[in-house]
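Asker: Encoded as structure tokens, here's the structure I'll be asking about.
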Amino acid sequence: MEEQASGFDDHALAPMVSLELNVAMFKSQWQFCDRITEYLSDILGQGHSDPARYSNFLSVAANELIELAFRSTGEPGRISFSLYRSATFNRLRIAFAREDRGTGMKSTEHQSRSGAGSDLTSDGTIMLKDLATIFRAAIRIEQDGAHGMQIIADFPSAEDFQ
């Protein structure tokens with residue numbers, strides 16, 4: 001993807017929707033991943049010449065990222081799912097408190113990560129790289145403050161997926 005917003009500054013993008021849930025409630029049922037994916041994907045499809053096709057295709061990636069968040073968070077608190085739009089890409093941002101299970105991450109670090117919490121192993125990194133390649137997306141995981149993580153995915157607005 002040629003153009004992407006740097007870091008996690010969403011101010012340059014138009015907000016579309018934001019959904020915030022209690023982590024315990026979110027993790028109480030695996031099916032919430034599918035329901036949230038369907039809701040967000042339908043919104044992402046709005047404004048495209050073939051909204052069903054666009055939202056259907058992106059739902060695969062969104063579902064993987066939401067399931068990754070499901071497996072990666074265990075802290076009490078909130079998890080938020082936000083969609084943003086610019087002229088060239090759509091952004092999905094998932095923010096949550098991460099589990100501190102010996103990740104070795106210092107609270108002062110502020111950089112992209114290929115791993116967060118306990119689930120982002122080398123298999124998780126490979127999955128993120130594969131998703132990024134298939135969807136021509138920029139997908140990154142960043143630390144958000146001392147104990148938070150964000151999964152940020154920038155998907156091209158173009159509808160020419162193969």
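So you can find residues: chains in the structure tokens are A, B, ... in the order shown, residues in each start at 1, and ligands are numbered from 1 in order.
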Within 7 Å of region 84-91 of chain A, counting only C-alpha atoms, which residues show up once you throw out same-chain ones fewer than 4 positions away? Write them as a list in words, please.
Answerer: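 Near neighbours after the sequence-gap exclusion: Leu13, Ala14, Pro15, Met16, Ile152, Ala153, Asp154, Phe155, Pro156 and Ser157 of chain A.
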Asker: Save the residues we just selected, N, CA and C atoms, as a PDB file, in the first residue's frame?
Answerer:
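What landed in out_8.pdb:
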```
ATOM      1  N   LEU A  13      -8.175  11.271   9.379  1.00  0.00           N
ATOM      2  CA  LEU A  13      -9.187  10.417   8.771  1.00  0.00           C
ATOM      3  C   LEU A  13     -10.567  10.793   9.276  1.00  0.00           C
ATOM      4  N   ALA A  14     -11.569  10.521   8.460  1.00  0.00           N
ATOM      5  CA  ALA A  14     -12.951  10.762   8.873  1.00  0.00           C
ATOM      6  C   ALA A  14     -13.443   9.562   9.674  1.00  0.00           C
ATOM      7  N   PRO A  15     -13.909   9.784  10.909  1.00  0.00           N
ATOM      8  CA  PRO A  15     -14.428   8.655  11.699  1.00  0.00           C
ATOM      9  C   PRO A  15     -15.728   8.131  11.099  1.00  0.00           C
ATOM     10  N   MET A  16     -15.872   6.824  11.103  1.00  0.00           N
ATOM     11  CA  MET A  16     -17.082   6.191  10.586  1.00  0.00           C
ATOM     12  C   MET A  16     -17.920   5.628  11.730  1.00  0.00           C
ATOM     13  N   ILE A 152      -3.746  -2.057  14.165  1.00  0.00           N
ATOM     14  CA  ILE A 152      -4.171  -1.060  13.184  1.00  0.00           C
ATOM     15  C   ILE A 152      -3.991  -1.649  11.795  1.00  0.00           C
ATOM     16  N   ALA A 153      -5.061  -1.628  11.017  1.00  0.00           N
ATOM     17  CA  ALA A 153      -5.014  -2.155   9.657  1.00  0.00           C
ATOM     18  C   ALA A 153      -5.561  -1.101   8.703  1.00  0.00           C
ATOM     19  N   ASP A 154      -4.744  -0.735   7.717  1.00  0.00           N
ATOM     20  CA  ASP A 154      -5.140   0.215   6.687  1.00  0.00           C
ATOM     21  C   ASP A 154      -5.372  -0.559   5.390  1.00  0.00           C
ATOM     22  N   PHE A 155      -6.637  -0.607   4.958  1.00  0.00           N
ATOM     23  CA  PHE A 155      -7.031  -1.329   3.752  1.00  0.00           C
ATOM     24  C   PHE A 155      -7.259  -0.332   2.629  1.00  0.00           C
ATOM     25  N   PRO A 156      -6.781  -0.627   1.428  1.00  0.00           N
ATOM     26  CA  PRO A 156      -7.014   0.291   0.300  1.00  0.00           C
ATOM     27  C   PRO A 156      -8.514   0.385   0.007  1.00  0.00           C
ATOM     28  N   SER A 157      -8.935   1.583  -0.368  1.00  0.00           N
ATOM     29  CA  SER A 157     -10.341   1.796  -0.721  1.00  0.00           C
ATOM     30  C   SER A 157     -10.703   1.205  -2.066  1.00  0.00           C
TER      31      SER A 157
END
```
Asker: Show which residues sit within 10 Å of Asp42 (chain A), as a ChimeraX atom specification. Count only C-alpha atoms, and ignore same-chain residues fewer than 4 positions away.
Answerer: /A:36-38,46,51-52,54-56,58-59
Asker: Which residue, A:Ile141, A:Leu83, A:Ala158, A:Cys33, has the smallest gap to Val60 (chain A) when you use only C-alpha atoms?
Answerer: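 Residue with the minimum atom-to-atom distance to Val60 (chain A): A:Cys33.
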Asker: I need the residue nearest Phe70 (chain A) from this list: A:Ala138, A:Leu92, A:Ile43, A:Met25. Use only C-alpha atoms for the distance.
Answerer: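 Nearest to Phe70 (chain A): A:Met25.
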Asker: Quick one, how far is CA of Trp30 (chain A) from CA of Leu68 (chain A)?
Answerer: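 Between CA of Trp30 (chain A) and CA of Leu68 (chain A) the gap is 11.5 Å.
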Asker: Within region 26-95 of chain A, find each residue whose DSSP state, derived from the backbone, is alpha helix (DSSP H), and express the selection as a VMD selection string.
Answerer: chain A and resid 26 31 to 45 51 to 72
Asker: Excluding Lys27 (chain A) and any residue of its chain fewer than 6 positions from it, enumerate the residues within 12 Å of it, using only C-alpha atoms, and give them as an MDAnalysis selection string.
Answerer: chainID A and resid 21 33 66:79
